[in-house]
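S.K.: Mind looking over this structure? Questions follow.
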Amino acid sequence: MAITLTQTAANRVEKFLANRGKGIGLRLGVKTTGCSGMAYTLEFVDDMHPEDMAFESRGVKVIVDPKSLAYIDGTELDFTKEGLNEGFKFNNPNVKDECGCGESFTV
Amino acid sequence: MALLQISEPGQSTAPHQHKLAVGIDLGTTNSLVASVRSGLSSVLIDDDGHALLPSVVRYMPDGSIDVGYNAQTAQSLDPINTIVSAKRFMGRGLKDIDVSQQPYKFVDSNEMLQIETRAGIKSPVEISAEILKTLKARAEKSLGGELVGAVITVPAYFDDAQRQATKDAARLAGLNVLRLLNEPTAAAVAYGLDTGVEGTYVIYDLGGGTFDISILKLSKGVFEVLATNGDSALGGDDFDRRIFCWILEQSKCKPVNAQDTRLLLTKAREAKEWLTDHATAQITSVLSTGEVINMTLATKQFNEFTQTLVAKTLSPTKKALRDAELTIEDIKGVVMVGGATRMPQIRLAVADFFKRTPLTNLDPDKVVALGAAIQANTLVGNKSDADLLLLDVIPLSLGLETMGGLVEKIIPRNSTLPIARAQEFTTFKDGQTAMSIHVLQGERELVTNCRSLARFELRGIPPMVAGAARIRVTFTVDADGLLSVSARETTTNIEANIVVKPSYGLSEEQILSMLKSSFSEAENDKNARLLAEAKVDAESLLAAIQAALEQDGGLLSSKEKQQIKAKMDALRANIGGNPRPHLADAIREATEALNTATEEFAAKRMDASVNRALAGKELNTLDI
C-alpha cells in the first residue's frame, strides 16, 4: 500500500509548500462527484486527522484518508505540462473508466 | 486529462468547477496576466514563452486584429492603424490630450475621444478590450478552463471615468471584473505587505514611459492612497535615448535616418540592460550608410549622463511626501515596480533618498500582475476566510456644485466602500422650486478643476423663502464603486435620483452594440477554424500525392502527370492565398478537384501493387 510522487511532482510540491510558508504535506483524496462517479482532490495539509494514513515519497509527506486510499492505492502523482497548461496528474492503476476530461473516474 | 492544482485544506472544488481567476496588469506599454496555482502566484506566458504582451493593437488590412509583438513591429510601417498606449486615452476627451504629439486621426464624439482606423472608428475602450481578449485567451489556454473573473489594475490617480472605461473594456472582452485594484496596492500585495505590519509604504514605479510614485498607508487591512505624483513622460525609454544621443555624440555621426535610429535605440536598450550586472557594455553596429559603430560604455559614464533623469524621479517623490505631510522617517518600506528599476543607479538613488534598501526581490515587470492575481484568487474564494480581504477605497473625493462654482465634498477620498453620506442643502432664492444638482469628482475647490460626472434636477419644491427648504442629498457608492445620488426635500418628501455613469464612459446602448458586434466575431472564429482544417487536409493530400508521384510516377503519361501537377499547383496557390471570405471553401473545392484528378492514378497504383504482390506466385499458394 503506497502512494508515490515522481521527482518532478515532489519538487513542485516542495516549492509550493515553501511559498505557502506553512503546511506539513500534501493530501490526496477522492470525492464522490463528477460526471463519472468520483473525482480527485489535492490539498495542502495543516492538520492531520487521527484516521489519516501517511506516506513519505521523495521527501514529501503524503496524507490520505483510509476511504480514499481504497480507490487510489498505488497511484503515482506526476507534474506535467500540456501546452501552456501545467499541473498534477494522477496515474491511478485502479481506474477502469475516466470521463473525457479525466477529472473524474470510476473503479 | 485535466491537470490539477493543490487547493487550500477543505477548498477542493468539484470537477469542472475550478474557480479560475486571474490578475491583469493592463499597462501603458506592456500588459501581463497572472494566476495563483497551487498557492503560488505566477505570470502566464504565451506560446513563444513571452510573459509581456506589448499593449499595441493593429487593425490589419484584411480585417483581422493583431495584438502584441507583431503589432509593435509594424508600428512605424502603419502608424495610423497601429494604436500604442491606448491607456493614455482611456476615459479621456480630445481636450484632455495633446493631439499634436500623436499620429492618429482623432474623432470627438459624445465628448469621448475616438480614433479613426481602417477598421472603422474605434474607442480606446474597444482597443483595450482587444488587449484584454488576447490575455483572456492566453489565460484560458494556460489554466485549461473558463475564467470566473479577473482583477484588473489601474493607476491610483485614475478617476471614475477612466475606471469605468477600464471596466467597460473588460466587459467587451468577455471578462467578469471582480475588482479594479490600484497598481501600487497590487505591488504591495505581491510583497505580502497587506498581511504584514501596519504602516506607510512608498511604491516607486518607473515603467517604459511613465513614472508614478504612490504613498500607501496600511491600516486594518485597507490600503489608503495618501498621495500620488509622477511624470507621465519619463521612463526607461528616456535612458535608452540618452545612450542613443551619447552614441551619436561619440561617433560624431550626422543625424541618422529612421531605420538607423531604431537600430541604435535597440542597441542602446541592450547596453542599458547589460550594464545592470556588468561594469561595461560593448556597442557594435553597422549603419545603413556603411558606417561602423564600435564603442564601450562604462557604468560610470552611463550613470553620469543619466543622473538628471534619476534626479527627475526624486522631485515628484519629494512632492508626494510633502502632500502626504510625511518625512522619510515615517516610511516603513519602499517597493520597486517597473522594468527600469532594475538599473543599479536607480536602486542606489532610491536607497539613498529613503535611507533604506528598497524591496526588489520580485520581478519589477511582473509584481503588479502577481499582486492582482493574489487578490483575484482571494476574491473568488480559493483561500480560507482567515485571510484578510483588501477593501477598495474611493480614489478621488465626490461632491457637488454649490453657488459660486465651488465644490462641496460629500464623500472624501480614501473612504472605504461601500459607503453612504448625506448632507443638507437649502434654496438660494425666494420661491425657488427647482434645484440643479451637479455631481463632481476631484480634490480641487473649483468646479472647473474637477471632473463632471452627472447632472440632474430636483423639481417641485414648494415655494418658500430662501433658506427654508431642506434638501437632503445622499451619495451612495456600492461595493463595485458605482455611485448613485439622490436628493429629497424633507418637508414634502419629493425626491429625484440618478445612477451616475461617468460622462466620459460609454452609454449602455453603446456597450450593448459593441458586445453585439463582438458576437459576430464568433462567426469569424468559426471561419478561422474551418480554414485551418481545410489547409491541414489539403496539405496532407498534397504530401501523399507528392510521395505517390515519386514512387509510381512511371505509371502516368506525361500529359496525365501535367494535369495532376496543375491541380496541385492550383491547390497550393489557394492554401497560400491571402485571407478572404470563402477561402476555406475554395481550398475544399481545389482539394476535391485534386482528389478527382488523381482517382485514375490511384486505381493504377492499386493495380500495380496487386500485380507486384501476385507476381511469381502460384494461384493455389494464395490465401484467398
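Letters A, B, ... go to the chains of the C-alpha cells in the order shown; residues in each chain start at 1; ligands are counted from 1 in the same order.
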DSSP on the backbone: what in chain A comes out strand (DSSP E or B), as a ChimeraX atom specification?

M.R.: /A:4-5,25-31,38-45,53-57,60-64,76-82,85-91,97-98,104-106

S.K.: With chain A as the partner and 10 Å as the cut-off, tabulate the residues of chain B that qualify, each row holding the nearest pair of atoms and their distance in Å to one decimal, using only C-alpha atoms, sorted by chain and rising number, as a tab-separated table.

M.R.:
residue	atom	partner	partner_atom	distance
B:Met1	CA	A:Gly102	CA	4.4
B:Ala2	CA	A:Gly102	CA	5.5
B:Leu3	CA	A:Gly87	CA	4.6
B:Leu4	CA	A:Phe88	CA	4.8
B:Gln5	CA	A:Gly87	CA	5.6
B:Ile6	CA	A:Glu43	CA	4.8
B:Ser7	CA	A:Glu43	CA	4.4
B:Glu8	CA	A:Glu43	CA	5.5
B:Pro9	CA	A:Glu43	CA	5.4
B:Gly10	CA	A:Glu43	CA	7.4
B:Gln11	CA	A:Glu43	CA	7.6
B:Ser12	CA	A:Thr41	CA	5.9
B:Thr13	CA	A:Thr41	CA	7.7
B:Ala14	CA	A:Gly34	CA	6.7
B:Pro15	CA	A:Gly34	CA	5.5
B:His16	CA	A:Glu103	CA	7.7
B:Gln17	CA	A:Gly34	CA	9.8
B:Arg37	CA	A:Gly87	CA	8.4
B:Ser38	CA	A:Phe16	CA	6.3
B:Gly39	CA	A:Arg20	CA	6.4
B:Leu40	CA	A:Phe16	CA	6.3
B:Ser41	CA	A:Asn19	CA	9.4
B:Leu44	CA	A:Leu84	CA	8.2
B:Ile45	CA	A:Leu84	CA	7.5
B:Asp46	CA	A:Leu84	CA	7.3
B:Asp47	CA	A:Leu84	CA	6.9
B:Asp48	CA	A:Leu84	CA	10.0
B:Gly49	CA	A:Leu84	CA	9.3
B:Arg138	CA	A:Leu84	CA	8.3
B:Ala139	CA	A:Leu84	CA	8.9
B:Glu140	CA	A:Asn85	CA	8.9
B:Lys141	CA	A:Leu84	CA	6.3
B:Ser142	CA	A:Asn85	CA	4.1
B:Leu143	CA	A:Asn85	CA	5.5
B:Gly144	CA	A:Asn85	CA	6.2
B:Gly145	CA	A:Asn85	CA	9.8

S.K.: Would you please give, as JSON, numbers by chain, all residues of chain A that DSSP assigns to alpha helix (DSSP H) based on the backbone?

M.R.: {"A": [7, 8, 9, 10, 11, 12, 13, 14, 15, 16, 17, 18, 19, 20, 66, 67, 68, 69, 70, 71, 72]}

S.K.: For the contact check between region 334-426 of chain B and region 268-284 of chain B, emit one row per residue of region 334-426 of chain B within 10 Å, containing the shortest atom pair and the distance in Å rounded to one decimal, counting only C-alpha atoms, chain then rising number order, as a Markdown table.

M.R.:
| residue | atom | partner | partner_atom | distance |
| --- | --- | --- | --- | --- |
| B:Gly339 | CA | B:Glu273 | CA | 9.7 |
| B:Ala340 | CA | B:Glu273 | CA | 9.1 |
| B:Thr341 | CA | B:Thr276 | CA | 9.9 |
| B:Arg342 | CA | B:Thr276 | CA | 6.6 |
| B:Met343 | CA | B:Thr276 | CA | 5.4 |
| B:Pro344 | CA | B:Thr276 | CA | 6.1 |
| B:Gln345 | CA | B:Thr276 | CA | 8.9 |

S.K.: Generate a file of the selected residues that holds N, CA and C atoms, formatted as a PDB file, in the first residue's frame.

M.R.:
ATOM      1  N   GLY B 339      10.206  47.755 -15.069  1.00  0.00           N
ATOM      2  CA  GLY B 339      11.471  47.199 -15.548  1.00  0.00           C
ATOM      3  C   GLY B 339      12.653  48.139 -15.348  1.00  0.00           C
ATOM      4  N   ALA B 340      12.420  49.455 -15.440  1.00  0.00           N
ATOM      5  CA  ALA B 340      13.527  50.403 -15.364  1.00  0.00           C
ATOM      6  C   ALA B 340      14.156  50.457 -13.971  1.00  0.00           C
ATOM      7  N   THR B 341      13.428  49.930 -12.964  1.00  0.00           N
ATOM      8  CA  THR B 341      14.007  49.961 -11.606  1.00  0.00           C
ATOM      9  C   THR B 341      15.069  48.886 -11.424  1.00  0.00           C
ATOM     10  N   ARG B 342      15.360  48.124 -12.511  1.00  0.00           N
ATOM     11  CA  ARG B 342      16.473  47.167 -12.424  1.00  0.00           C
ATOM     12  C   ARG B 342      17.810  47.903 -12.461  1.00  0.00           C
ATOM     13  N   MET B 343      17.793  49.124 -12.993  1.00  0.00           N
ATOM     14  CA  MET B 343      19.056  49.853 -13.142  1.00  0.00           C
ATOM     15  C   MET B 343      19.651  50.158 -11.772  1.00  0.00           C
ATOM     16  N   PRO B 344      20.913  49.757 -11.559  1.00  0.00           N
ATOM     17  CA  PRO B 344      21.527  49.924 -10.229  1.00  0.00           C
ATOM     18  C   PRO B 344      21.528  51.376  -9.756  1.00  0.00           C
ATOM     19  N   GLN B 345      21.734  52.328 -10.685  1.00  0.00           N
ATOM     20  CA  GLN B 345      21.801  53.723 -10.220  1.00  0.00           C
ATOM     21  C   GLN B 345      20.464  54.196  -9.659  1.00  0.00           C
TER      22      GLN B 345
END

S.K.: Could you give me, as a PyMOL selection string, the residues within 7 Å of region 167-177 of chain B, counting only C-alpha atoms and dropping anything in the same chain fewer than 6 positions from it?

M.R.: chain B and resi 125-126+128-130+132-133+148-151+515

S.K.: Between B:Val22, B:Leu77, B:Met112, B:Ala165, which one has atoms that come closest to Ile97 (chain B), using only C-alpha atoms?

M.R.: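 Residue with the minimum atom-to-atom distance to Ile97 (chain B): B:Met112.
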
S.K.: Find the residue from A:Ile72, A:Ala9, A:Val60, A:Leu77 that sits nearest to Ile24 (chain A); use only C-alpha atoms when measuring.

M.R.: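 Result for the nearest residue to Ile24 (chain A): A:Val60.
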
S.K.: What does the distance between CA of Lys105 (chain B) and CA of Lys87 (chain B) come to in Å, to one decimal place?

M.R.: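 Between these atoms lies a distance of 16.6 Å.
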
S.K.: Skipping near chain neighbours, those fewer than 6 positions away, what residues fall within 12 Å of Glu51 (chain A) using only C-alpha atoms, listed as an MDAnalysis selection string?

M.R.: chainID A and resid 63:69

S.K.: Residues of the last selection are to be written out with N, CA and C atoms, as a tab-separated table (two decimals), in the first residue's frame.

M.R.:
chain	number	residue	atom	x	y	z
A	63	ILE	N	-0.55	12.45	2.57
A	63	ILE	CA	-1.55	12.05	3.54
A	63	ILE	C	-2.84	11.67	2.81
A	64	VAL	N	-3.41	10.52	3.20
A	64	VAL	CA	-4.63	10.04	2.55
A	64	VAL	C	-5.56	9.52	3.64
A	65	ASP	N	-6.86	9.80	3.49
A	65	ASP	CA	-7.78	9.19	4.44
A	65	ASP	C	-8.08	7.77	3.97
A	66	PRO	N	-8.38	6.83	4.92
A	66	PRO	CA	-8.46	5.41	4.54
A	66	PRO	C	-9.53	5.13	3.48
A	67	LYS	N	-10.64	5.88	3.50
A	67	LYS	CA	-11.69	5.65	2.50
A	67	LYS	C	-11.16	5.93	1.10
A	68	SER	N	-10.45	7.04	0.97
A	68	SER	CA	-9.92	7.41	-0.34
A	68	SER	C	-8.86	6.42	-0.80
A	69	LEU	N	-8.07	5.93	0.17
A	69	LEU	CA	-6.95	5.08	-0.17
A	69	LEU	C	-7.40	3.86	-0.98

S.K.: Please provide as a PyMOL selection string all residues within 12 Å of region 301-316 of chain B, with the sequence filter that same-chain residues fewer than 6 positions apart are discarded (counting only C-alpha atoms).

M.R.: chain B and resi 204-207+210-215+227-247+268+271-276+278-281+322-323+340-341+343-354

S.K.: Output C-alpha atoms of each residue in that selection to a file, as a PDB file, in the first residue's frame.

M.R.:
ATOM      1  CA  TYR B 204       8.242  53.687  -6.808  1.00  0.00           C
ATOM      2  CA  ASP B 205       7.068  52.677 -10.295  1.00  0.00           C
ATOM      3  CA  LEU B 206       9.331  53.529 -13.229  1.00  0.00           C
ATOM      4  CA  GLY B 207       7.945  51.869 -16.338  1.00  0.00           C
ATOM      5  CA  THR B 210       5.727  56.667 -17.226  1.00  0.00           C
ATOM      6  CA  PHE B 211       6.820  57.309 -13.683  1.00  0.00           C
ATOM      7  CA  ASP B 212       4.423  57.011 -10.735  1.00  0.00           C
ATOM      8  CA  ILE B 213       5.108  57.442  -7.076  1.00  0.00           C
ATOM      9  CA  SER B 214       2.431  56.444  -4.570  1.00  0.00           C
ATOM     10  CA  ILE B 215       2.337  56.623  -0.825  1.00  0.00           C
ATOM     11  CA  ALA B 227      -0.623  60.787  -2.170  1.00  0.00           C
ATOM     12  CA  THR B 228       0.331  60.140  -5.752  1.00  0.00           C
ATOM     13  CA  ASN B 229       2.650  62.016  -8.043  1.00  0.00           C
ATOM     14  CA  GLY B 230       4.748  61.286 -11.067  1.00  0.00           C
ATOM     15  CA  ASP B 231       5.738  62.196 -14.570  1.00  0.00           C
ATOM     16  CA  SER B 232       3.711  60.819 -17.453  1.00  0.00           C
ATOM     17  CA  ALA B 233       6.628  61.369 -19.842  1.00  0.00           C
ATOM     18  CA  LEU B 234       9.520  59.771 -18.010  1.00  0.00           C
ATOM     19  CA  GLY B 235      10.566  56.147 -18.152  1.00  0.00           C
ATOM     20  CA  GLY B 236      13.128  53.555 -19.136  1.00  0.00           C
ATOM     21  CA  ASP B 237      12.843  54.688 -22.774  1.00  0.00           C
ATOM     22  CA  ASP B 238      14.427  58.024 -21.830  1.00  0.00           C
ATOM     23  CA  PHE B 239      17.520  56.192 -20.607  1.00  0.00           C
ATOM     24  CA  ASP B 240      17.734  54.434 -23.996  1.00  0.00           C
ATOM     25  CA  ARG B 241      17.501  57.810 -25.700  1.00  0.00           C
ATOM     26  CA  ARG B 242      20.336  59.198 -23.577  1.00  0.00           C
ATOM     27  CA  ILE B 243      22.570  56.299 -24.625  1.00  0.00           C
ATOM     28  CA  PHE B 244      21.483  56.837 -28.232  1.00  0.00           C
ATOM     29  CA  CYS B 245      22.490  60.504 -28.053  1.00  0.00           C
ATOM     30  CA  TRP B 246      25.789  59.543 -26.455  1.00  0.00           C
ATOM     31  CA  ILE B 247      26.498  57.116 -29.322  1.00  0.00           C
ATOM     32  CA  ALA B 268      21.082  51.350 -26.585  1.00  0.00           C
ATOM     33  CA  ALA B 271      23.550  48.158 -23.494  1.00  0.00           C
ATOM     34  CA  LYS B 272      21.377  49.542 -20.691  1.00  0.00           C
ATOM     35  CA  GLU B 273      20.183  46.063 -19.745  1.00  0.00           C
ATOM     36  CA  TRP B 274      23.730  44.664 -19.933  1.00  0.00           C
ATOM     37  CA  LEU B 275      25.003  47.352 -17.561  1.00  0.00           C
ATOM     38  CA  THR B 276      22.569  46.149 -14.876  1.00  0.00           C
ATOM     39  CA  HIS B 278      28.235  44.331 -15.827  1.00  0.00           C
ATOM     40  CA  ALA B 279      30.763  47.135 -15.498  1.00  0.00           C
ATOM     41  CA  THR B 280      30.990  47.913 -19.218  1.00  0.00           C
ATOM     42  CA  ALA B 281      28.873  47.314 -22.317  1.00  0.00           C
ATOM     43  CA  ARG B 322       5.019  66.760   1.168  1.00  0.00           C
ATOM     44  CA  ASP B 323       1.394  66.253   0.030  1.00  0.00           C
ATOM     45  CA  ALA B 340      13.527  50.403 -15.364  1.00  0.00           C
ATOM     46  CA  THR B 341      14.007  49.961 -11.606  1.00  0.00           C
ATOM     47  CA  MET B 343      19.056  49.853 -13.142  1.00  0.00           C
ATOM     48  CA  PRO B 344      21.527  49.924 -10.229  1.00  0.00           C
ATOM     49  CA  GLN B 345      21.801  53.723 -10.220  1.00  0.00           C
ATOM     50  CA  ILE B 346      18.014  53.951  -9.665  1.00  0.00           C
ATOM     51  CA  ARG B 347      18.112  51.485  -6.791  1.00  0.00           C
ATOM     52  CA  LEU B 348      21.039  53.332  -5.259  1.00  0.00           C
ATOM     53  CA  ALA B 349      19.384  56.709  -5.591  1.00  0.00           C
ATOM     54  CA  VAL B 350      16.153  55.444  -4.030  1.00  0.00           C
ATOM     55  CA  ALA B 351      18.020  53.673  -1.214  1.00  0.00           C
ATOM     56  CA  ASP B 352      19.984  56.849  -0.632  1.00  0.00           C
ATOM     57  CA  PHE B 353      16.903  59.046  -0.599  1.00  0.00           C
ATOM     58  CA  PHE B 354      14.858  56.896   1.787  1.00  0.00           C
TER      59      PHE B 354
END

S.K.: Rounded to one decimal in Å, what is the spacing between CA of Leu20 (chain B) and CA of Ala51 (chain B)?

M.R.: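 Distance between the two atoms: 18.8 Å.
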